>>> print(open('protein39.cif').read())   # mmCIF, C-alpha atoms and all ligand atoms
data_model
loop_
_atom_site.label_atom_id
_atom_site.label_comp_id
_atom_site.auth_asym_id
_atom_site.auth_seq_id
_atom_site.Cartn_x
_atom_site.Cartn_y
_atom_site.Cartn_z
CA MET A 1 0.00 0.00 0.00
CA THR A 2 1.18 3.49 -0.87
CA THR A 3 1.27 6.18 1.83
CA MET A 4 -0.34 9.16 0.20
CA ASN A 5 -0.09 12.83 1.13
CA PHE A 6 -2.65 14.78 -0.80
CA LYS A 7 -2.43 18.46 -1.57
CA PRO A 8 -5.44 20.78 -1.67
CA ILE A 9 -7.10 20.76 -5.09
CA PHE A 10 -7.19 24.54 -5.46
CA GLY A 11 -3.87 25.68 -3.99
CA ASP A 12 -2.78 26.42 -0.42
CA ALA A 13 -5.81 25.83 1.74
CA GLU A 14 -8.83 23.87 0.66
CA LYS A 15 -11.91 25.96 0.29
CA ARG A 16 -15.04 24.21 1.54
CA PRO A 17 -17.51 23.45 0.15
CA ILE A 18 -16.25 22.87 -3.38
CA ILE A 19 -19.15 23.67 -5.66
CA ILE A 20 -19.10 22.10 -9.13
CA ALA A 21 -21.89 22.50 -11.67
CA GLY A 22 -22.52 22.41 -15.39
CA PRO A 23 -24.22 20.33 -18.04
CA CYS A 24 -23.85 16.57 -18.28
CA SER A 25 -22.56 17.05 -21.82
CA ALA A 26 -21.29 19.97 -23.85
CA GLU A 27 -23.79 20.03 -26.73
CA THR A 28 -23.46 23.38 -28.50
CA GLU A 29 -21.24 26.39 -27.97
CA GLU A 30 -24.29 28.44 -27.09
CA GLN A 31 -25.56 25.94 -24.51
CA VAL A 32 -22.15 25.72 -22.85
CA LEU A 33 -21.60 29.47 -22.70
CA GLN A 34 -25.12 30.29 -21.55
CA THR A 35 -24.92 27.76 -18.70
CA ALA A 36 -21.45 28.93 -17.73
CA HIS A 37 -22.44 32.60 -17.57
CA GLU A 38 -25.48 31.83 -15.44
CA LEU A 39 -23.43 29.66 -13.10
CA ALA A 40 -20.56 32.14 -12.91
CA ALA A 41 -23.09 34.63 -11.58
CA GLN A 42 -23.76 32.14 -8.78
CA ASN A 43 -20.08 31.96 -7.84
CA ILE A 44 -19.52 28.26 -8.39
CA ASP A 45 -15.93 27.00 -8.09
CA LEU A 46 -15.69 24.75 -11.10
CA PHE A 47 -17.65 24.39 -14.34
CA ARG A 48 -18.22 20.84 -15.55
CA ALA A 49 -19.12 19.56 -19.02
CA GLY A 50 -18.60 16.11 -20.53
CA ILE A 51 -16.80 16.20 -23.88
CA TRP A 52 -16.45 12.43 -24.35
CA LYS A 53 -19.44 10.54 -22.94
CA PRO A 54 -19.22 6.89 -21.89
CA ARG A 55 -22.72 5.67 -22.73
CA THR A 56 -24.12 2.31 -21.74
CA ARG A 57 -25.48 1.59 -25.24
CA PRO A 58 -23.92 2.59 -28.57
CA GLY A 59 -25.91 4.96 -30.73
CA GLU A 60 -26.69 7.35 -27.89
CA PHE A 61 -24.99 10.75 -27.90
CA GLU A 62 -21.34 9.94 -27.23
CA GLY A 63 -20.08 13.46 -26.72
CA ILE A 64 -19.28 16.36 -28.98
CA GLY A 65 -15.53 15.64 -28.89
CA THR A 66 -12.55 17.96 -29.24
CA VAL A 67 -14.50 20.90 -30.70
CA GLY A 68 -16.15 21.28 -27.28
CA LEU A 69 -12.78 21.89 -25.63
CA GLY A 70 -12.60 25.18 -27.52
CA TRP A 71 -15.97 26.12 -25.96
CA LEU A 72 -14.62 25.36 -22.50
CA ARG A 73 -11.61 27.54 -23.24
CA ARG A 74 -14.06 30.33 -24.10
CA VAL A 75 -15.86 29.70 -20.80
CA LYS A 76 -12.56 30.32 -19.00
CA GLU A 77 -11.82 33.47 -20.97
CA GLU A 78 -15.29 34.97 -20.67
CA THR A 79 -16.25 34.01 -17.11
CA GLY A 80 -12.96 33.36 -15.34
CA LEU A 81 -14.38 30.02 -14.15
CA LYS A 82 -12.13 26.99 -13.89
CA VAL A 83 -13.33 24.10 -16.04
CA THR A 84 -13.33 20.31 -15.74
CA THR A 85 -14.11 17.40 -18.03
CA GLU A 86 -13.96 13.60 -18.00
CA VAL A 87 -10.97 11.76 -19.46
CA ALA A 88 -10.74 8.04 -20.06
CA LYS A 89 -7.72 7.54 -22.31
CA THR A 90 -4.41 9.03 -23.41
CA GLN A 91 -5.85 11.04 -26.28
CA HIS A 92 -8.45 12.64 -23.96
CA VAL A 93 -5.72 13.64 -21.51
CA PHE A 94 -3.49 15.17 -24.18
CA GLU A 95 -6.34 17.09 -25.81
CA ALA A 96 -7.69 18.33 -22.47
CA LEU A 97 -4.23 19.53 -21.43
CA LYS A 98 -3.70 21.22 -24.80
CA TYR A 99 -6.89 23.24 -24.30
CA GLY A 100 -5.99 24.27 -20.74
CA ILE A 101 -8.68 22.28 -18.88
CA ASP A 102 -8.02 23.03 -15.19
CA VAL A 103 -9.23 19.85 -13.51
CA LEU A 104 -9.79 16.35 -14.94
CA TRP A 105 -12.20 13.74 -13.70
CA ILE A 106 -12.25 9.99 -14.12
CA GLY A 107 -15.70 8.54 -14.70
CA ALA A 108 -17.32 5.64 -12.88
CA ARG A 109 -17.04 3.34 -15.90
CA THR A 110 -13.32 4.08 -16.11
CA THR A 111 -12.51 3.64 -12.42
CA VAL A 112 -13.66 0.01 -12.70
CA ASN A 113 -10.93 -0.74 -15.22
CA PRO A 114 -7.34 -0.76 -13.94
CA PHE A 115 -6.00 -0.80 -17.55
CA SER A 116 -7.81 2.43 -18.36
CA VAL A 117 -6.93 4.12 -15.09
CA GLN A 118 -3.28 3.19 -15.59
CA GLU A 119 -3.41 4.56 -19.13
CA VAL A 120 -4.72 7.89 -17.83
CA ALA A 121 -2.15 7.89 -15.01
CA ASP A 122 0.69 7.21 -17.48
CA ALA A 123 -0.49 10.03 -19.72
CA LEU A 124 -0.44 12.35 -16.70
CA GLN A 125 3.08 11.44 -15.55
CA GLY A 126 4.91 14.65 -14.71
CA VAL A 127 1.83 16.89 -15.05
CA ASP A 128 0.59 18.88 -12.04
CA ILE A 129 -3.17 18.97 -12.44
CA PRO A 130 -5.98 18.14 -10.02
CA VAL A 131 -7.84 14.91 -10.78
CA LEU A 132 -11.21 13.90 -9.34
CA VAL A 133 -11.88 10.17 -9.18
CA LYS A 134 -15.47 8.97 -9.31
CA ASN A 135 -16.32 5.77 -7.49
CA PRO A 136 -16.43 2.63 -9.66
CA ILE A 137 -19.95 1.68 -10.76
CA ASN A 138 -19.76 -1.45 -8.59
CA PRO A 139 -19.46 -1.10 -4.81
CA ASP A 140 -15.79 -2.00 -4.57
CA LEU A 141 -13.83 0.30 -2.30
CA LYS A 142 -10.51 -1.33 -3.22
CA LEU A 143 -10.97 -0.47 -6.89
CA TRP A 144 -11.69 3.13 -5.93
CA ILE A 145 -8.58 3.30 -3.75
CA GLY A 146 -6.55 1.50 -6.43
CA SER A 147 -7.36 4.24 -8.96
CA ILE A 148 -6.27 6.90 -6.49
CA GLU A 149 -3.02 5.02 -5.91
CA ARG A 150 -2.33 4.70 -9.64
CA LEU A 151 -2.67 8.46 -10.06
CA TYR A 152 -0.62 9.19 -6.98
CA ARG A 153 2.21 6.97 -8.22
CA ALA A 154 2.18 8.94 -11.46
CA GLY A 155 2.94 12.04 -9.41
CA ILE A 156 -0.59 13.46 -9.11
CA THR A 157 -1.04 14.80 -5.57
CA ARG A 158 -4.03 17.08 -5.99
CA ILE A 159 -6.67 14.38 -5.90
CA GLY A 160 -10.32 14.49 -4.92
CA VAL A 161 -13.04 11.86 -5.06
CA ILE A 162 -16.59 12.00 -6.31
CA HIS A 163 -19.25 9.79 -4.81
CA ARG A 164 -21.87 9.16 -7.52
CA GLY A 165 -23.50 6.02 -6.14
CA PHE A 166 -23.36 2.41 -7.30
CA SER A 167 -25.29 0.46 -9.88
CA HIS A 168 -27.73 -2.15 -8.63
CA HIS A 169 -30.16 -4.75 -9.82
CA GLY A 170 -33.91 -4.32 -9.41
CA GLU A 171 -36.14 -1.48 -8.27
CA SER A 172 -34.75 1.51 -6.41
CA ASN A 173 -35.60 5.15 -5.81
CA TYR A 174 -32.06 5.96 -6.86
CA ARG A 175 -30.46 5.74 -10.26
CA ASN A 176 -27.29 4.71 -8.43
CA VAL A 177 -27.70 3.63 -4.83
CA PRO A 178 -25.51 5.75 -2.54
CA ARG A 179 -24.24 3.14 -0.05
CA TRP A 180 -22.95 6.06 2.00
CA GLN A 181 -20.94 3.71 4.17
CA ILE A 182 -18.44 3.10 1.37
CA ALA A 183 -17.77 6.81 0.96
CA ILE A 184 -17.54 7.22 4.73
CA GLU A 185 -14.99 4.40 4.93
CA LEU A 186 -12.87 6.00 2.20
CA LYS A 187 -12.99 9.28 4.10
CA ARG A 188 -12.02 7.48 7.29
CA GLN A 189 -8.98 5.94 5.64
CA PHE A 190 -7.97 9.12 3.79
CA PRO A 191 -9.24 12.13 5.74
CA ASP A 192 -7.33 14.58 3.52
CA LEU A 193 -9.07 13.45 0.36
CA PRO A 194 -11.83 15.93 -0.53
CA MET A 195 -15.07 14.01 -0.99
CA ILE A 196 -17.61 15.48 -3.40
CA CYS A 197 -21.16 14.23 -3.80
CA ASP A 198 -22.53 13.96 -7.34
CA ASN A 199 -26.18 14.13 -6.39
CA SER A 200 -27.26 14.12 -10.05
CA HIS A 201 -26.01 10.62 -10.83
CA ILE A 202 -27.11 9.24 -7.46
CA CYS A 203 -30.67 10.53 -7.93
CA GLY A 204 -31.23 10.27 -11.69
CA ARG A 205 -34.25 12.56 -11.14
CA ARG A 206 -34.84 16.13 -10.06
CA ASP A 207 -37.12 15.82 -7.06
CA THR A 208 -34.61 14.10 -4.79
CA LEU A 209 -31.51 16.19 -5.61
CA GLN A 210 -32.04 18.51 -2.66
CA ALA A 211 -32.37 15.79 -0.02
CA VAL A 212 -29.35 13.86 -1.26
CA ALA A 213 -27.20 17.00 -1.40
CA GLN A 214 -28.21 17.88 2.15
CA HIS A 215 -27.51 14.38 3.37
CA ALA A 216 -24.00 14.57 1.87
CA LEU A 217 -23.37 17.89 3.63
CA ASP A 218 -24.67 16.43 6.89
CA LEU A 219 -22.12 13.64 6.46
CA ASN A 220 -19.41 16.29 6.20
CA PHE A 221 -18.77 15.92 2.47
CA ASP A 222 -16.45 18.59 1.08
CA GLY A 223 -18.46 19.57 -1.96
CA LEU A 224 -21.15 18.91 -4.53
CA MET A 225 -21.23 18.23 -8.25
CA THR A 226 -24.59 18.82 -9.93
CA GLU A 227 -25.69 18.74 -13.56
CA VAL A 228 -27.21 22.00 -14.78
CA HIS A 229 -28.63 22.65 -18.24
CA PRO A 230 -30.49 25.65 -19.70
CA THR A 231 -33.27 23.39 -21.05
CA PRO A 232 -32.97 20.13 -19.10
CA ASP A 233 -35.81 18.30 -20.84
CA ALA A 234 -34.10 18.82 -24.17
CA ALA A 235 -30.65 17.69 -22.94
CA TRP A 236 -28.82 15.21 -25.17
CA SER A 237 -27.84 13.08 -22.17
CA ASP A 238 -29.21 12.58 -18.64
CA ALA A 239 -32.23 14.81 -19.29
CA ALA A 240 -34.25 13.49 -16.34
CA GLN A 241 -31.74 14.57 -13.70
CA GLN A 242 -30.60 17.97 -14.98
CA ILE A 243 -31.98 21.24 -13.62
CA THR A 244 -32.00 24.82 -14.86
CA PRO A 245 -29.58 27.42 -13.47
CA ALA A 246 -32.54 28.98 -11.65
CA GLN A 247 -33.51 25.69 -10.03
CA TYR A 248 -29.88 25.16 -9.12
CA HIS A 249 -29.79 28.57 -7.47
CA GLU A 250 -32.78 27.59 -5.39
CA LEU A 251 -31.26 24.21 -4.47
CA ILE A 252 -28.00 25.74 -3.26
CA GLY A 253 -29.88 28.49 -1.45
CA LYS A 254 -31.90 25.99 0.59
CA LEU A 255 -28.92 23.87 1.66
CA VAL A 256 -27.69 24.06 5.21
CA PHE A 257 -23.90 24.12 5.16
CA ARG A 258 -22.50 22.83 8.41
CA LYS A 259 -19.08 23.39 9.86
CA ALA A 260 -16.66 20.46 9.81
CA GLY A 261 -15.81 21.09 13.44
CA ALA A 262 -16.21 23.92 15.91
CA ASP A 263 -13.76 25.94 17.96
CA ASP A 264 -16.24 26.85 20.69
CA PRO A 265 -14.83 25.21 23.89
CA GLU A 266 -18.27 24.61 25.38
CA PHE A 267 -19.42 22.84 22.24
CA LEU A 268 -16.21 20.81 22.13
CA GLN A 269 -16.58 19.81 25.77
CA SER A 270 -20.11 18.54 25.44
CA LEU A 271 -19.13 16.79 22.23
CA ASP A 272 -16.27 15.20 24.11
CA HIS A 273 -18.59 13.91 26.82
CA LEU A 274 -20.95 12.45 24.28
CA ARG A 275 -18.06 10.80 22.49
CA GLN A 276 -16.76 9.31 25.70
CA GLU A 277 -20.18 7.91 26.41
CA ILE A 278 -20.33 6.44 22.91
CA ASP A 279 -16.91 4.82 23.40
CA GLU A 280 -18.10 3.31 26.68
CA ILE A 281 -21.24 1.95 25.06
CA ASP A 282 -19.18 0.50 22.20
CA ASP A 283 -16.95 -1.25 24.74
CA GLU A 284 -20.01 -2.63 26.46
CA ILE A 285 -21.46 -3.87 23.18
CA LEU A 286 -18.19 -5.65 22.41
CA ASN A 287 -18.05 -7.24 25.87
CA LEU A 288 -21.59 -8.47 25.49
CA LEU A 289 -20.91 -9.81 22.03
CA GLY A 290 -17.89 -11.67 23.40
CA ARG A 291 -20.07 -13.22 26.11
CA ARG A 292 -22.76 -14.11 23.60
CA MET A 293 -20.24 -15.88 21.36
CA GLY A 294 -18.94 -17.80 24.41
CA LEU A 295 -22.47 -19.11 24.97
CA ALA A 296 -22.78 -20.00 21.31
CA GLU A 297 -19.62 -22.07 21.63
CA ASN A 298 -21.11 -23.97 24.59
CA ILE A 299 -24.23 -24.61 22.58
CA GLY A 300 -22.03 -25.86 19.75
CA GLN A 301 -20.45 -28.43 22.13
CA TYR A 302 -23.88 -29.50 23.31
CA LYS A 303 -25.22 -29.85 19.78
CA TYR A 304 -22.13 -31.83 18.80
CA ARG A 305 -22.49 -34.26 21.69
CA ASN A 306 -26.17 -34.77 20.96
CA ASN A 307 -25.72 -34.77 17.21
CA ILE A 308 -28.09 -31.87 16.61
CA ALA A 309 -27.86 -29.73 13.48
CA ILE A 310 -26.38 -26.25 14.00
CA LEU A 311 -29.11 -24.29 12.31
CA GLN A 312 -32.44 -24.44 14.08
CA THR A 313 -34.69 -22.40 11.83
CA ASP A 314 -37.52 -22.06 14.34
CA ARG A 315 -35.20 -20.79 17.03
CA TRP A 316 -33.56 -18.34 14.60
CA ASN A 317 -36.93 -16.96 13.52
CA GLU A 318 -37.91 -16.57 17.15
CA ILE A 319 -34.70 -14.68 17.96
CA LEU A 320 -35.10 -12.40 14.96
CA GLU A 321 -38.77 -11.61 15.53
CA ARG A 322 -38.26 -10.95 19.21
CA ALA A 323 -35.31 -8.64 18.57
CA ILE A 324 -37.08 -6.71 15.82
CA ALA A 325 -40.15 -6.17 17.99
CA LYS A 326 -38.02 -5.03 20.92
CA GLY A 327 -35.78 -2.87 18.76
CA MET A 328 -38.73 -1.11 17.12
CA LYS A 329 -40.05 -0.16 20.55
CA LYS A 330 -36.73 1.56 21.12
CA GLY A 331 -36.93 3.40 17.82
CA LEU A 332 -34.53 1.11 15.95
CA SER A 333 -35.52 0.27 12.40
CA GLU A 334 -36.39 -3.28 11.41
CA GLU A 335 -33.65 -3.15 8.78
CA PHE A 336 -31.01 -2.15 11.32
CA VAL A 337 -31.94 -4.73 13.94
CA GLY A 338 -32.21 -7.41 11.24
CA ALA A 339 -28.76 -6.57 9.86
CA ILE A 340 -27.14 -6.71 13.30
CA LEU A 341 -28.83 -9.93 14.28
CA ARG A 342 -27.95 -11.57 10.96
CA ALA A 343 -24.29 -10.65 11.41
CA ILE A 344 -24.31 -12.03 14.97
CA HIS A 345 -26.08 -15.19 13.89
CA LYS A 346 -23.62 -15.75 11.05
CA GLU A 347 -20.66 -15.45 13.41
CA SER A 348 -22.35 -17.71 15.92
CA ILE A 349 -22.96 -20.41 13.28
CA SER A 350 -19.39 -20.26 12.13
CA LEU A 351 -18.17 -20.62 15.73
CA GLN A 352 -20.46 -23.58 16.29
CA SER A 353 -19.31 -25.29 13.13
CA LYS A 354 -15.69 -24.77 14.18
CA VAL A 355 -16.52 -26.50 17.48
CA MET A 356 -18.08 -29.42 15.62
CA HIS A 357 -15.17 -29.87 13.24
CA GLN A 358 -12.53 -29.52 15.94
CA ASN A 359 -13.33 -32.99 17.11
CA GLU A 360 -11.07 -35.14 14.97
CA LYS A 361 -13.19 -38.23 14.67
CA PRO A 362 -16.55 -37.84 13.01
CA ILE A 363 -19.15 -39.42 15.25
CA GLU A 364 -20.59 -42.68 14.07
CA LYS A 365 -24.11 -41.61 13.36
CA LEU A 366 -22.97 -39.04 10.82
C1 LIG B 1 -21.08 12.31 -15.87
O1 LIG B 1 -20.60 12.91 -14.89
O2 LIG B 1 -21.77 12.84 -16.73
C2 LIG B 1 -20.88 10.85 -15.95
C3 LIG B 1 -20.81 10.19 -17.09
O3 LIG B 1 -20.85 10.31 -14.73
P1 LIG B 1 -20.52 8.84 -14.19
O4 LIG B 1 -19.13 8.51 -14.63
O5 LIG B 1 -20.64 9.06 -12.72
O6 LIG B 1 -21.56 7.93 -14.72
MN MN B 2 -24.39 12.79 -16.72
#
>>> encode(input="protein39.cif", output="structure tokens")
Amino acid sequence: MTTMNFKPIFGDAEKRPIIIAGPCSAETEEQVLQTAHELAAQNIDLFRAGIWKPRTRPGEFEGIGTVGLGWLRRVKEETGLKVTTEVAKTQHVFEALKYGIDVLWIGARTTVNPFSVQEVADALQGVDIPVLVKNPINPDLKLWIGSIERLYRAGITRIGVIHRGFSHHGESNYRNVPRWQIAIELKRQFPDLPMICDNSHICGRRDTLQAVAQHALDLNFDGLMTEVHPTPDAAWSDAAQQITPAQYHELIGKLVFRKAGADDPEFLQSLDHLRQEIDEIDDEILNLLGRRMGLAENIGQYKYRNNIAILQTDRWNEILERAIAKGMKKGLSEEFVGAILRAIHKESISLQSKVMHQNEKPIEKL
């Protein structure tokens, strides 16, 4: 594993939150410039527009290509905004650098592929440019970290990550389910890595953009990336999730930006007490779990001696139902209690089966 020391994306001290907005795709020069001017008036930090679009099916709009880079250069000249676009291969990197793109991003369909990420990293060797790495489309934290490491080894130190949710099978309210825990774990391992929430690709629709953006801020994310288009319904890609500059203004205006920490000693002290209490409770939970597993081991011995199967479905159902009913009375969700109990049960079964197989000689009846 590489030890990584990241530098702030925009120079000396990181400005928070980092606000990124712009159309999913650059479509026409007019569309790009109009959006950019309206967003510049809202003081965003970075203007986004896809030039090369990785589409799931061929035949959909696959990006306007190099001509669009000239439009982004005009955005910089006319508005002073910094600009960013997605790159997935050497040619994209070279072209983007030639046109003075300020920040590059790696898309979710690229992060999944170590060959492609390495190609981009190799093309960037020796270049000092910020790169934002979107999570891979599948919920694989190692792949996400691997992409960051490949860039870092190529000498890129101004790195940020974009959480855009994960693909899934079956019905969901999200286009890409957030699985916040994965982003939180990345942040835990690399606290200096700015974490930006792409609410557009998580939601896939307009009516939930606000709630998801707020949730990200509540989780102490460092910024937001949102798709904005002058006429969203007529967008050439991702029409359902894009919003107008005016709607974007309203969305940002309604957000509650919270401080990452606080300097107020009174606040810190009460926070400290609460944290101590949480640590104590966590210790208690672990002690209890240890005791519970000890009992499971005894039961395993008993079942072994009496040749009883480990899994007793009736008993398991009874445990689960009882816990869910009790938990709900205490305001714990069914999903949460179920997940905890399942994890405990799984560990308990594996302990019991270890006990059974420890005994060298299989008993005759088996
Ligand atoms: C995009 O930002 O328009 C895009 C293609 O996103 P993702 O890589 O997250 O699908
Ligand atoms: Mn898009």
>>> atom_distance(input="protein39.cif", atom1="atom CA of A:Arg153", atom2="atom CA of A:Phe190")
15.9 Å
>>> atom_distance(input="protein39.cif", atom1="atom CA of A:Phe61", atom2="atom CA of A:Ser237")
6.8 Å
>>> residues_near_ligand(input="protein39.cif", ligand="ligand LIG 1 (chain B)", cutoff="7 Å", atoms="all atoms listed in the file", output="list in words")
Cys24, Ser25, Gly50, Lys53, Pro54, Gly107, Ala108, Arg109, Lys134, Arg164 and His201 of chain A
>>> closest_residue(input="protein39.cif", among="A:Gln241, A:Gln210, A:Thr231, A:Gln247", to="ligand MN 2 (chain B)", atoms="all atoms listed in the file")
A:Gln241
>>> residues_around(input="protein39.cif", residues="stretch 215-225 of chain A", least_positions_apart="6", cutoff="7 Å", atoms="only C-alpha atoms", output="NGL selection string")
:A and (16-21 or 194-199 or 257-258 or 260)
>>> residues_around(input="protein39.cif", residues="stretch 297-310 of chain A", least_positions_apart="6", cutoff="7 Å", atoms="only C-alpha atoms", output="ChimeraX atom specification")
/A:349,351-352,355-356
>>> write_last_selection(input="protein39.cif", atoms="C-alpha atoms", output="CSV table (one decimal), keeping the file's coordinate frame")
chain,number,residue,atom,x,y,z
A,349,ILE,CA,-23.0,-20.4,13.3
A,351,LEU,CA,-18.2,-20.6,15.7
A,352,GLN,CA,-20.5,-23.6,16.3
A,355,VAL,CA,-16.5,-26.5,17.5
A,356,MET,CA,-18.1,-29.4,15.6
>>> residues_near_point(input="protein39.cif", point="(-23.0, 1.3, -8.8)", cutoff="7 Å", atoms="all atoms listed in the file", output="PDB file with C-alpha atoms, in the frame of the given file")
ATOM      1  CA  PRO A 136     -16.430   2.630  -9.660  1.00  0.00           C
ATOM      2  CA  ILE A 137     -19.950   1.680 -10.760  1.00  0.00           C
ATOM      3  CA  ASN A 138     -19.760  -1.450  -8.590  1.00  0.00           C
ATOM      4  CA  PRO A 139     -19.460  -1.100  -4.810  1.00  0.00           C
ATOM      5  CA  GLY A 165     -23.500   6.020  -6.140  1.00  0.00           C
ATOM      6  CA  PHE A 166     -23.360   2.410  -7.300  1.00  0.00           C
ATOM      7  CA  SER A 167     -25.290   0.460  -9.880  1.00  0.00           C
ATOM      8  CA  HIS A 168     -27.730  -2.150  -8.630  1.00  0.00           C
ATOM      9  CA  ASN A 176     -27.290   4.710  -8.430  1.00  0.00           C
ATOM     10  CA  VAL A 177     -27.700   3.630  -4.830  1.00  0.00           C
TER      11      VAL A 177
END
>>> atom_distance(input="protein39.cif", atom1="atom CA of A:Leu251", atom2="atom CA of A:Ser200")
12.2 Å
>>> closest_residue(input="protein39.cif", among="A:Ile319, A:Ala121, A:Cys203, A:Ala40", to="ligand MN 2 (chain B)", atoms="all atoms listed in the file")
A:Cys203
>>> residues_around(input="protein39.cif", residues="stretch 328-345 of chain A", least_positions_apart="4", cutoff="12 Å", atoms="all atoms listed in the file", output="PyMOL selection string")
chain A and resi 285-286+288-293+296+310-313+315-324+349-352
>>> write_last_selection(input="protein39.cif", atoms="C-alpha atoms", output="PDB file, in the frame of the given file")
ATOM      1  CA  ILE A 285     -21.460  -3.870  23.180  1.00  0.00           C
ATOM      2  CA  LEU A 286     -18.190  -5.650  22.410  1.00  0.00           C
ATOM      3  CA  LEU A 288     -21.590  -8.470  25.490  1.00  0.00           C
ATOM      4  CA  LEU A 289     -20.910  -9.810  22.030  1.00  0.00           C
ATOM      5  CA  GLY A 290     -17.890 -11.670  23.400  1.00  0.00           C
ATOM      6  CA  ARG A 291     -20.070 -13.220  26.110  1.00  0.00           C
ATOM      7  CA  ARG A 292     -22.760 -14.110  23.600  1.00  0.00           C
ATOM      8  CA  MET A 293     -20.240 -15.880  21.360  1.00  0.00           C
ATOM      9  CA  ALA A 296     -22.780 -20.000  21.310  1.00  0.00           C
ATOM     10  CA  ILE A 310     -26.380 -26.250  14.000  1.00  0.00           C
ATOM     11  CA  LEU A 311     -29.110 -24.290  12.310  1.00  0.00           C
ATOM     12  CA  GLN A 312     -32.440 -24.440  14.080  1.00  0.00           C
ATOM     13  CA  THR A 313     -34.690 -22.400  11.830  1.00  0.00           C
ATOM     14  CA  ARG A 315     -35.200 -20.790  17.030  1.00  0.00           C
ATOM     15  CA  TRP A 316     -33.560 -18.340  14.600  1.00  0.00           C
ATOM     16  CA  ASN A 317     -36.930 -16.960  13.520  1.00  0.00           C
ATOM     17  CA  GLU A 318     -37.910 -16.570  17.150  1.00  0.00           C
ATOM     18  CA  ILE A 319     -34.700 -14.680  17.960  1.00  0.00           C
ATOM     19  CA  LEU A 320     -35.100 -12.400  14.960  1.00  0.00           C
ATOM     20  CA  GLU A 321     -38.770 -11.610  15.530  1.00  0.00           C
ATOM     21  CA  ARG A 322     -38.260 -10.950  19.210  1.00  0.00           C
ATOM     22  CA  ALA A 323     -35.310  -8.640  18.570  1.00  0.00           C
ATOM     23  CA  ILE A 324     -37.080  -6.710  15.820  1.00  0.00           C
ATOM     24  CA  ILE A 349     -22.960 -20.410  13.280  1.00  0.00           C
ATOM     25  CA  SER A 350     -19.390 -20.260  12.130  1.00  0.00           C
ATOM     26  CA  LEU A 351     -18.170 -20.620  15.730  1.00  0.00           C
ATOM     27  CA  GLN A 352     -20.460 -23.580  16.290  1.00  0.00           C
TER      28      GLN A 352
END
